[in-house]
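A.B. asks: Can you keep this structure in mind? I'll have questions shortly.
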Amino acid sequence: MTSTFALVDCNNFYVSCERLFRPDLKNVPIVVLSNNDGCIVARSQEVKALGIKMGTPLFKVKNEIVKHGVEVFSSNYTLYGDISARVMQTLEQFSPHVEVYSIDEAFLDLSGINRPVAHGQNIRSTVMQHIGVPVCVGIAPTKTLAKLANFAAKKFTATQGVVDLTDSQRQKNLMNITPVSEIWGVGRKLTKKLQALGIETALHLAQADRRFVRQRFSVVLERTVCELNGESCLDLEKSPQPRQQIVCSRSFGDKLTQYGDLKQTVCEFAARAAEKLRSERQLALVVNVFIRTSPFDKAGPHYANAATGTLPVPSSDTRQIVDMCVRLLNTIWQEDYRYAKAGVILTDFCFPEDVQFELFEQPVGAATHEGALMRAVDAINHKGRGKVWFGGQRPRKDWYMKQANLSPAYTTQWDNIPLVK
DNA sequence: TCTGGGGTCCTAGGACCC
DNA sequence: TCTGGGGTCCTAGGACCC
């Protein structure tokens, strides 16, 4: 029996989250900004209609924002994460297998469902009723086609938010009017290269010779071609895969020029990365620290560098990781630059039970003294980060980050829960 | 003045081994 | 004069995603 996939995608997710607690903003144009209030990362329908593009730096469209009375929000990931979890939980009643693909999307296994469109409508109205977030549903025999169906469900209002692409003639009709750039897995670079070969629409790509595509591009794009032809190559991921990499990095609201300031941010990133690592119950072997000036900074010379180090044994101990990061930073730090961004990357993970320790080495894991200390630190910091920290870390949270228009944590902080009069 | 952050996968080329 | 071939592992970089 052939599979059926549904892609459920929240509409303008961050904007929808902000509107949940501000019904007065229902038809008001809204944007949500990236960290540091730098770029626009979510737009309401009204803002999209104004032609403001995703990822635009705020300062470039400041005049339009003011002119059209656009409401501006700093990003509130605590709120979005919590609403996302509620949406995903609601979706579980509609399928035995739900793959959470991103904060605002999930693939559902709808194999064997008799009336998929009715099922999709049911999903929409239930999520709206329970959570208050609008979603669209795309249904098709492959993930790539389900993505395409979802695109159509969003774009064409006559579909009422649900598109079923089970029928191959419908697939062709839609692909014929869809630019190749809209296909999942085709980004800016590939779009250009494909267009140069005369492949302009999704249908052109679907009809391309797959051996040619593999040879000229990659196995990834070859898979896309297969999926556009209804051959499922990408399965539902039934259980989330363990992470392979943890990154903690930020651009700074104000450029940093002092070693001490940069060191403190790097220590903070190291500590957060270690915390994430422990929540994954993994250990890391390799640590990378990078620092750089802004490529847009005309005031001074540019500098970017990174250093990689290997821990003596895989660890998730904040102190070991912080120590290593400071040593790495010292090898790349240079005076007289205006630093705009820094970060810590952990890689080469393993599980504590799989570690082969050197002779005479003391393992740093859950069973040891050090593990107990880390567990205690995590437990104390669990509700509201920053009660306990190690030397070198900045005690104040995000002191370097701009968040001028942050909404309250309506659903996760007692103080911020809305009152009903 | 002001330009995000956190991920994944694949590939080519060099190092190294026998 | 003559200087292999095949395999693996690692890394950096490039592409993509949301």
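The chains in the structure tokens are called A, B, ... from first to last as shown; in each chain the residues are counted from 1, and the ligands are counted from 1 in the order shown.
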Give me the residues within 10 Å of DC17 of chain C as a PDB file with all heavy atoms, in the first residue's frame, counting only C-alpha atoms (C1' of nucleotides) and dropping any in the same chain fewer than 6 places off.

C.D. replies:
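This is the output file part_39.pdb:
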ATOM      1  N   TYR A 101       8.826  18.500  12.547  1.00  0.00           N
ATOM      2  CA  TYR A 101       9.903  18.842  11.621  1.00  0.00           C
ATOM      3  C   TYR A 101      10.575  20.160  11.994  1.00  0.00           C
ATOM      4  O   TYR A 101      11.769  20.333  11.797  1.00  0.00           O
ATOM      5  CB  TYR A 101       9.352  18.904  10.193  1.00  0.00           C
ATOM      6  CG  TYR A 101      10.384  19.313   9.183  1.00  0.00           C
ATOM      7  CD1 TYR A 101      11.453  18.467   8.895  1.00  0.00           C
ATOM      8  CD2 TYR A 101      10.325  20.558   8.564  1.00  0.00           C
ATOM      9  CE1 TYR A 101      12.430  18.847   8.001  1.00  0.00           C
ATOM     10  CE2 TYR A 101      11.297  20.945   7.668  1.00  0.00           C
ATOM     11  CZ  TYR A 101      12.346  20.086   7.389  1.00  0.00           C
ATOM     12  OH  TYR A 101      13.315  20.472   6.506  1.00  0.00           O
ATOM     13  N   SER A 102       9.810  21.093  12.506  1.00  0.00           N
ATOM     14  CA  SER A 102      10.404  22.351  12.958  1.00  0.00           C
ATOM     15  C   SER A 102       9.460  22.942  13.989  1.00  0.00           C
ATOM     16  O   SER A 102       8.460  22.330  14.341  1.00  0.00           O
ATOM     17  CB  SER A 102      10.585  23.318  11.790  1.00  0.00           C
ATOM     18  OG  SER A 102       9.339  23.871  11.421  1.00  0.00           O
ATOM     19  N   TRP A 184      10.900  22.243  -2.097  1.00  0.00           N
ATOM     20  CA  TRP A 184      11.664  21.917  -0.879  1.00  0.00           C
ATOM     21  C   TRP A 184      13.014  21.336  -1.281  1.00  0.00           C
ATOM     22  O   TRP A 184      13.046  20.327  -2.015  1.00  0.00           O
ATOM     23  CB  TRP A 184      10.855  20.897  -0.088  1.00  0.00           C
ATOM     24  CG  TRP A 184      11.335  20.599   1.294  1.00  0.00           C
ATOM     25  CD1 TRP A 184      11.895  21.456   2.190  1.00  0.00           C
ATOM     26  CD2 TRP A 184      11.246  19.329   1.951  1.00  0.00           C
ATOM     27  NE1 TRP A 184      12.149  20.813   3.364  1.00  0.00           N
ATOM     28  CE2 TRP A 184      11.767  19.502   3.251  1.00  0.00           C
ATOM     29  CE3 TRP A 184      10.778  18.073   1.587  1.00  0.00           C
ATOM     30  CZ2 TRP A 184      11.832  18.468   4.169  1.00  0.00           C
ATOM     31  CZ3 TRP A 184      10.839  17.051   2.500  1.00  0.00           C
ATOM     32  CH2 TRP A 184      11.365  17.247   3.773  1.00  0.00           C
ATOM     33  N   GLY A 185      14.098  21.954  -0.864  1.00  0.00           N
ATOM     34  CA  GLY A 185      15.428  21.464  -1.213  1.00  0.00           C
ATOM     35  C   GLY A 185      16.075  22.254  -2.338  1.00  0.00           C
ATOM     36  O   GLY A 185      17.239  22.045  -2.646  1.00  0.00           O
ATOM     37  N   VAL A 186      15.311  23.151  -2.946  1.00  0.00           N
ATOM     38  CA  VAL A 186      15.878  24.009  -3.987  1.00  0.00           C
ATOM     39  C   VAL A 186      16.000  25.415  -3.421  1.00  0.00           C
ATOM     40  O   VAL A 186      14.991  26.091  -3.204  1.00  0.00           O
ATOM     41  CB  VAL A 186      15.006  24.017  -5.255  1.00  0.00           C
ATOM     42  CG1 VAL A 186      15.592  24.960  -6.306  1.00  0.00           C
ATOM     43  CG2 VAL A 186      14.863  22.615  -5.812  1.00  0.00           C
ATOM     44  N   GLY A 187      17.211  25.835  -3.167  1.00  0.00           N
ATOM     45  CA  GLY A 187      17.448  27.157  -2.592  1.00  0.00           C
ATOM     46  C   GLY A 187      17.882  28.149  -3.658  1.00  0.00           C
ATOM     47  O   GLY A 187      17.672  27.921  -4.848  1.00  0.00           O
TER      48      GLY A 187
ATOM     49  P    DG B   7      21.483  23.734  17.949  1.00  0.00           P
ATOM     50  OP1  DG B   7      20.954  23.355  19.235  1.00  0.00           O
ATOM     51  OP2  DG B   7      22.924  24.013  17.775  1.00  0.00           O
ATOM     52  O5'  DG B   7      21.078  22.621  16.904  1.00  0.00           O
ATOM     53  C5'  DG B   7      21.934  22.340  15.837  1.00  0.00           C
ATOM     54  C4'  DG B   7      21.068  22.039  14.645  1.00  0.00           C
ATOM     55  O4'  DG B   7      20.923  23.244  13.879  1.00  0.00           O
ATOM     56  C3'  DG B   7      21.696  21.057  13.684  1.00  0.00           C
ATOM     57  O3'  DG B   7      21.374  19.734  14.117  1.00  0.00           O
ATOM     58  C2'  DG B   7      20.958  21.390  12.388  1.00  0.00           C
ATOM     59  C1'  DG B   7      20.677  22.888  12.533  1.00  0.00           C
ATOM     60  N9   DG B   7      21.528  23.728  11.696  1.00  0.00           N
ATOM     61  C8   DG B   7      22.513  24.622  12.080  1.00  0.00           C
ATOM     62  N7   DG B   7      23.064  25.244  11.070  1.00  0.00           N
ATOM     63  C5   DG B   7      22.414  24.723   9.965  1.00  0.00           C
ATOM     64  C6   DG B   7      22.583  25.013   8.581  1.00  0.00           C
ATOM     65  O6   DG B   7      23.361  25.811   8.049  1.00  0.00           O
ATOM     66  N1   DG B   7      21.714  24.262   7.792  1.00  0.00           N
ATOM     67  C2   DG B   7      20.801  23.351   8.266  1.00  0.00           C
ATOM     68  N2   DG B   7      20.049  22.718   7.369  1.00  0.00           N
ATOM     69  N3   DG B   7      20.631  23.081   9.547  1.00  0.00           N
ATOM     70  C4   DG B   7      21.462  23.796  10.330  1.00  0.00           C
ATOM     71  P    DT B   8      22.300  18.531  13.713  1.00  0.00           P
ATOM     72  OP1  DT B   8      21.889  17.356  14.510  1.00  0.00           O
ATOM     73  OP2  DT B   8      23.687  18.990  13.717  1.00  0.00           O
ATOM     74  O5'  DT B   8      21.874  18.280  12.200  1.00  0.00           O
ATOM     75  C5'  DT B   8      20.521  17.958  11.879  1.00  0.00           C
ATOM     76  C4'  DT B   8      20.431  17.809  10.374  1.00  0.00           C
ATOM     77  O4'  DT B   8      20.715  19.093   9.769  1.00  0.00           O
ATOM     78  C3'  DT B   8      21.488  16.859   9.835  1.00  0.00           C
ATOM     79  O3'  DT B   8      20.892  15.655   9.434  1.00  0.00           O
ATOM     80  C2'  DT B   8      22.103  17.557   8.643  1.00  0.00           C
ATOM     81  C1'  DT B   8      21.452  18.903   8.583  1.00  0.00           C
ATOM     82  N1   DT B   8      22.471  19.952   8.485  1.00  0.00           N
ATOM     83  C2   DT B   8      22.739  20.463   7.236  1.00  0.00           C
ATOM     84  O2   DT B   8      22.181  20.077   6.230  1.00  0.00           O
ATOM     85  N3   DT B   8      23.691  21.447   7.213  1.00  0.00           N
ATOM     86  C4   DT B   8      24.388  21.956   8.274  1.00  0.00           C
ATOM     87  O4   DT B   8      25.215  22.840   8.122  1.00  0.00           O
ATOM     88  C5   DT B   8      24.071  21.361   9.560  1.00  0.00           C
ATOM     89  C7   DT B   8      24.766  21.847  10.781  1.00  0.00           C
ATOM     90  C6   DT B   8      23.141  20.408   9.603  1.00  0.00           C
TER      91       DT B   8
END

A.B. asks: Would you mind writing down, as a ChimeraX atom specification, each residue of segment 128-336 of chain A that DSSP on the backbone assigns to helix (DSSP H, G or I)?

C.D. replies: /A:128-130,143-155,157-159,168-176,180-182,188-196,202-206,210-216,219-228,259-279,318-332

A.B. asks: Please find the residues of chain C near chain A - the criterion being any atom within 10 Å, counting only C-alpha atoms (C1' of nucleotides) - and write them as a tab-separated table (two decimals) with all heavy atoms, in the first residue's frame.

C.D. replies:
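Below is the file iface.tsv, written as the result:
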chain	number	residue	atom	x	y	z
C	15	DA	P	27.51	26.75	-3.20
C	15	DA	OP1	27.66	26.55	-4.63
C	15	DA	OP2	27.72	28.08	-2.59
C	15	DA	O5'	26.05	26.31	-2.70
C	15	DA	C5'	25.42	25.21	-3.32
C	15	DA	C4'	24.57	24.47	-2.34
C	15	DA	O4'	25.31	24.14	-1.15
C	15	DA	C3'	23.40	25.27	-1.76
C	15	DA	O3'	22.31	25.33	-2.68
C	15	DA	C2'	23.03	24.37	-0.58
C	15	DA	C1'	24.35	23.73	-0.19
C	15	DA	N9	24.79	24.15	1.13
C	15	DA	C8	25.53	25.22	1.51
C	15	DA	N7	25.74	25.31	2.80
C	15	DA	C5	25.09	24.21	3.31
C	15	DA	C6	24.93	23.70	4.62
C	15	DA	N6	25.44	24.29	5.69
C	15	DA	N1	24.22	22.57	4.77
C	15	DA	C2	23.70	21.98	3.69
C	15	DA	N3	23.78	22.34	2.41
C	15	DA	C4	24.51	23.47	2.30
C	16	DC	P	21.06	26.28	-2.39
C	16	DC	OP1	20.23	26.27	-3.59
C	16	DC	OP2	21.55	27.54	-1.80
C	16	DC	O5'	20.29	25.49	-1.22
C	16	DC	C5'	19.77	24.20	-1.49
C	16	DC	C4'	19.31	23.57	-0.20
C	16	DC	O4'	20.45	23.43	0.69
C	16	DC	C3'	18.35	24.42	0.63
C	16	DC	O3'	17.03	24.23	0.15
C	16	DC	C2'	18.52	23.81	2.01
C	16	DC	C1'	19.98	23.39	2.03
C	16	DC	N1	20.82	24.29	2.86
C	16	DC	C2	20.95	24.01	4.22
C	16	DC	O2	20.37	23.00	4.67
C	16	DC	N3	21.69	24.82	5.00
C	16	DC	C4	22.29	25.88	4.47
C	16	DC	N4	23.03	26.64	5.27
C	16	DC	C5	22.18	26.19	3.09
C	16	DC	C6	21.44	25.39	2.31
C	17	DC	P	15.87	25.17	0.70
C	17	DC	OP1	14.67	24.85	-0.07
C	17	DC	OP2	16.38	26.54	0.75
C	17	DC	O5'	15.68	24.69	2.20
C	17	DC	C5'	15.23	23.37	2.46
C	17	DC	C4'	15.07	23.22	3.95
C	17	DC	O4'	16.38	23.29	4.58
C	17	DC	C3'	14.29	24.36	4.59
C	17	DC	O3'	12.92	24.07	4.54
C	17	DC	C2'	14.81	24.34	6.01
C	17	DC	C1'	16.24	23.88	5.86
C	17	DC	N1	17.24	24.97	5.99
C	17	DC	C2	17.73	25.25	7.26
C	17	DC	O2	17.30	24.60	8.23
C	17	DC	N3	18.66	26.23	7.41
C	17	DC	C4	19.08	26.90	6.34
C	17	DC	N4	20.01	27.85	6.53
C	17	DC	C5	18.59	26.64	5.03
C	17	DC	C6	17.67	25.67	4.89
C	18	DC	P	11.86	25.18	4.74
C	18	DC	OP1	10.58	24.58	4.38
C	18	DC	OP2	12.36	26.39	4.03
C	18	DC	O5'	11.89	25.51	6.29
C	18	DC	C5'	11.57	24.49	7.23
C	18	DC	C4'	11.80	25.05	8.60
C	18	DC	O4'	13.20	25.45	8.70
C	18	DC	C3'	10.97	26.31	8.85
C	18	DC	O3'	10.22	26.15	10.04
C	18	DC	C2'	11.98	27.43	9.02
C	18	DC	C1'	13.28	26.71	9.32
C	18	DC	N1	14.43	27.45	8.78
C	18	DC	C2	15.36	27.97	9.68
C	18	DC	O2	15.20	27.77	10.89
C	18	DC	N3	16.41	28.67	9.20
C	18	DC	C4	16.55	28.86	7.88
C	18	DC	N4	17.60	29.56	7.48
C	18	DC	C5	15.61	28.34	6.96
C	18	DC	C6	14.57	27.65	7.43

A.B. asks: So that I can check the secondary structure, give me every residue of segment 87-287 of chain A assigned strand (DSSP E or B) by backbone DSSP, as a PDB file with C-alpha atoms, in the first residue's frame.

C.D. replies:
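Below is the file that was written, result16.pdb:
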ATOM      1  CA  VAL A  98       3.866  12.529  13.909  1.00  0.00           C
ATOM      2  CA  GLU A  99       7.294  13.845  12.958  1.00  0.00           C
ATOM      3  CA  VAL A 100       7.919  17.277  14.421  1.00  0.00           C
ATOM      4  CA  TYR A 101       9.903  18.842  11.621  1.00  0.00           C
ATOM      5  CA  SER A 102      10.404  22.351  12.958  1.00  0.00           C
ATOM      6  CA  GLU A 105       5.591  22.205  11.100  1.00  0.00           C
ATOM      7  CA  ALA A 106       4.940  18.499  11.412  1.00  0.00           C
ATOM      8  CA  PHE A 107       4.618  15.607   8.987  1.00  0.00           C
ATOM      9  CA  LEU A 108       1.799  13.161   9.718  1.00  0.00           C
ATOM     10  CA  ASP A 109       1.361   9.650   8.419  1.00  0.00           C
ATOM     11  CA  VAL A 135      -2.685  26.027  10.132  1.00  0.00           C
ATOM     12  CA  CYS A 136      -2.682  24.764   6.539  1.00  0.00           C
ATOM     13  CA  VAL A 137      -2.526  21.117   5.496  1.00  0.00           C
ATOM     14  CA  GLY A 138      -0.911  19.607   2.398  1.00  0.00           C
ATOM     15  CA  ILE A 139      -1.538  15.935   1.582  1.00  0.00           C
ATOM     16  CA  ALA A 140       0.415  13.822  -0.931  1.00  0.00           C
ATOM     17  CA  VAL A 162      -6.271  22.029   2.684  1.00  0.00           C
ATOM     18  CA  VAL A 163      -4.853  20.625  -0.557  1.00  0.00           C
ATOM     19  CA  ASP A 164      -4.860  16.954  -1.499  1.00  0.00           C
ATOM     20  CA  PRO A 179       8.402  28.152  -9.882  1.00  0.00           C
ATOM     21  CA  THR A 201       9.066  25.275 -13.072  1.00  0.00           C
ATOM     22  CA  GLN A 245      26.102  19.525  17.085  1.00  0.00           C
ATOM     23  CA  ILE A 246      25.250  22.254  19.585  1.00  0.00           C
ATOM     24  CA  VAL A 247      25.819  25.892  18.737  1.00  0.00           C
ATOM     25  CA  CYS A 248      25.545  28.890  21.039  1.00  0.00           C
ATOM     26  CA  SER A 249      26.310  32.171  19.347  1.00  0.00           C
ATOM     27  CA  ARG A 250      25.107  35.741  19.182  1.00  0.00           C
ATOM     28  CA  SER A 251      25.711  38.976  17.413  1.00  0.00           C
ATOM     29  CA  PHE A 252      26.257  41.745  19.917  1.00  0.00           C
ATOM     30  CA  GLY A 253      23.991  44.755  20.257  1.00  0.00           C
ATOM     31  CA  ASP A 254      27.092  46.855  20.847  1.00  0.00           C
ATOM     32  CA  LYS A 255      30.456  45.862  19.423  1.00  0.00           C
ATOM     33  CA  LEU A 256      32.945  44.470  21.926  1.00  0.00           C
ATOM     34  CA  LEU A 283      29.017  14.057  26.001  1.00  0.00           C
ATOM     35  CA  ALA A 284      31.134  16.098  23.598  1.00  0.00           C
ATOM     36  CA  LEU A 285      34.734  15.577  22.597  1.00  0.00           C
ATOM     37  CA  VAL A 286      35.443  18.553  20.350  1.00  0.00           C
ATOM     38  CA  VAL A 287      34.985  22.244  21.151  1.00  0.00           C
TER      39      VAL A 287
END

A.B. asks: In terms of the shortest atom-to-atom distance over only C-alpha atoms, which of A:Gly371, A:Arg338, A:Leu50, A:Val41 is closest to Lys298 of chain A?

C.D. replies: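 With only C-alpha atoms as the atom set, the closest residue is A:Arg338.
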
A.B. asks: Pick out the residues sitting within 7 Å of DT3 of chain B, and hand them over as a CSV table (one decimal) with C-alpha atoms, in the first residue's frame; count only C-alpha atoms (C1' of nucleotides), and ignore anything fewer than 6 positions along from it in its own chain.

C.D. replies:
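To be explicit, this is the file written out as result13.csv:
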chain,number,residue,atom,x,y,z
A,38,GLY,CA,18.1,42.9,13.7
A,39,CYS,CA,16.1,41.3,10.9
A,57,PRO,CA,17.1,44.2,8.3

A.B. asks: Please determine, counting only C-alpha atoms (C1' of nucleotides), which residue among A:Met54, A:Ala149, A:Val87, A:Val344 has the shortest atom-to-atom distance to DG4 of chain B.

C.D. replies: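 Going through A:Met54, A:Ala149, A:Val87, A:Val344 one by one, the smallest distance to DG4 of chain B is for A:Met54.
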
A.B. asks: Which polymer residues have any atom within 10 Å of an atom of Pro96 of chain A, counting only C-alpha atoms (C1' of nucleotides), with same-chain residues fewer than 3 positions away left out, as a ChimeraX atom specification?

C.D. replies: /A:91-93,108-111,238

A.B. asks: What does the distance between atom CA of Val61 of chain A and atom CA of Asn11 of chain A come to in Å, to one decimal place?

C.D. replies: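 Atom CA of Val61 of chain A sits 22.8 Å away from atom CA of Asn11 of chain A.
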
A.B. asks: In Å, with one decimal, what is the gap from atom CA of Ala49 of chain A to atom CA of Val28 of chain A?

C.D. replies: 12.2 Å

A.B. asks: Excluding Cys325 of chain A and residues on its chain fewer than 4 positions from it, collect all residues at most 9 Å away from it, counting only C-alpha atoms (C1' of nucleotides), and give them as a VMD selection string.

C.D. replies: chain A and resid 263 266 to 267 270 287 to 289 307 to 309 320 to 321 329 to 330 344

A.B. asks: Selected residues, N, CA and C atoms, written as a short mmCIF file (atom, residue, chain, number, x, y, z; two decimals), in the first residue's frame, please.

C.D. replies:
data_model
loop_
_atom_site.label_atom_id
_atom_site.label_comp_id
_atom_site.auth_asym_id
_atom_site.auth_seq_id
_atom_site.Cartn_x
_atom_site.Cartn_y
_atom_site.Cartn_z
N LYS A 263 35.60 37.54 26.60
CA LYS A 263 35.82 36.31 27.36
C LYS A 263 34.55 35.93 28.13
N VAL A 266 31.97 34.48 25.79
CA VAL A 266 32.34 33.13 25.35
C VAL A 266 32.10 32.12 26.48
N CYS A 267 32.42 32.51 27.70
CA CYS A 267 32.16 31.62 28.85
C CYS A 267 30.66 31.35 29.00
N ALA A 270 29.63 28.95 26.36
CA ALA A 270 30.14 27.63 26.71
C ALA A 270 29.25 26.97 27.75
N VAL A 287 35.50 20.91 20.84
CA VAL A 287 34.99 22.24 21.15
C VAL A 287 35.56 23.24 20.15
N ASN A 288 34.68 24.12 19.64
CA ASN A 288 35.13 25.13 18.68
C ASN A 288 34.67 26.50 19.16
N VAL A 289 35.57 27.47 19.11
CA VAL A 289 35.23 28.85 19.47
C VAL A 289 35.51 29.73 18.27
N ALA A 307 39.01 28.52 16.56
CA ALA A 307 39.97 27.55 17.07
C ALA A 307 39.22 26.32 17.56
N THR A 308 39.82 25.17 17.33
CA THR A 308 39.19 23.91 17.70
C THR A 308 40.09 23.16 18.67
N GLY A 309 39.47 22.58 19.68
CA GLY A 309 40.25 21.81 20.64
C GLY A 309 39.54 20.51 21.01
N GLN A 320 35.01 22.04 32.52
CA GLN A 320 35.98 21.60 31.51
C GLN A 320 35.76 22.31 30.18
N ILE A 321 34.47 22.47 29.84
CA ILE A 321 34.18 23.09 28.55
C ILE A 321 34.51 24.57 28.58
N LEU A 329 39.99 30.70 23.00
CA LEU A 329 39.82 32.13 22.74
C LEU A 329 41.18 32.84 22.80
N ASN A 330 42.00 32.47 23.78
CA ASN A 330 43.30 33.12 23.94
C ASN A 330 44.19 32.92 22.72
N VAL A 344 30.22 29.39 20.40
CA VAL A 344 30.82 28.14 20.83
C VAL A 344 30.08 27.00 20.15
#

A.B. asks: Hey, can you check how far atom CA of Glu200 of chain A sits from atom CA of Lys172 of chain A?

C.D. replies: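 Computing it gives 14.2 Å between the two atoms.
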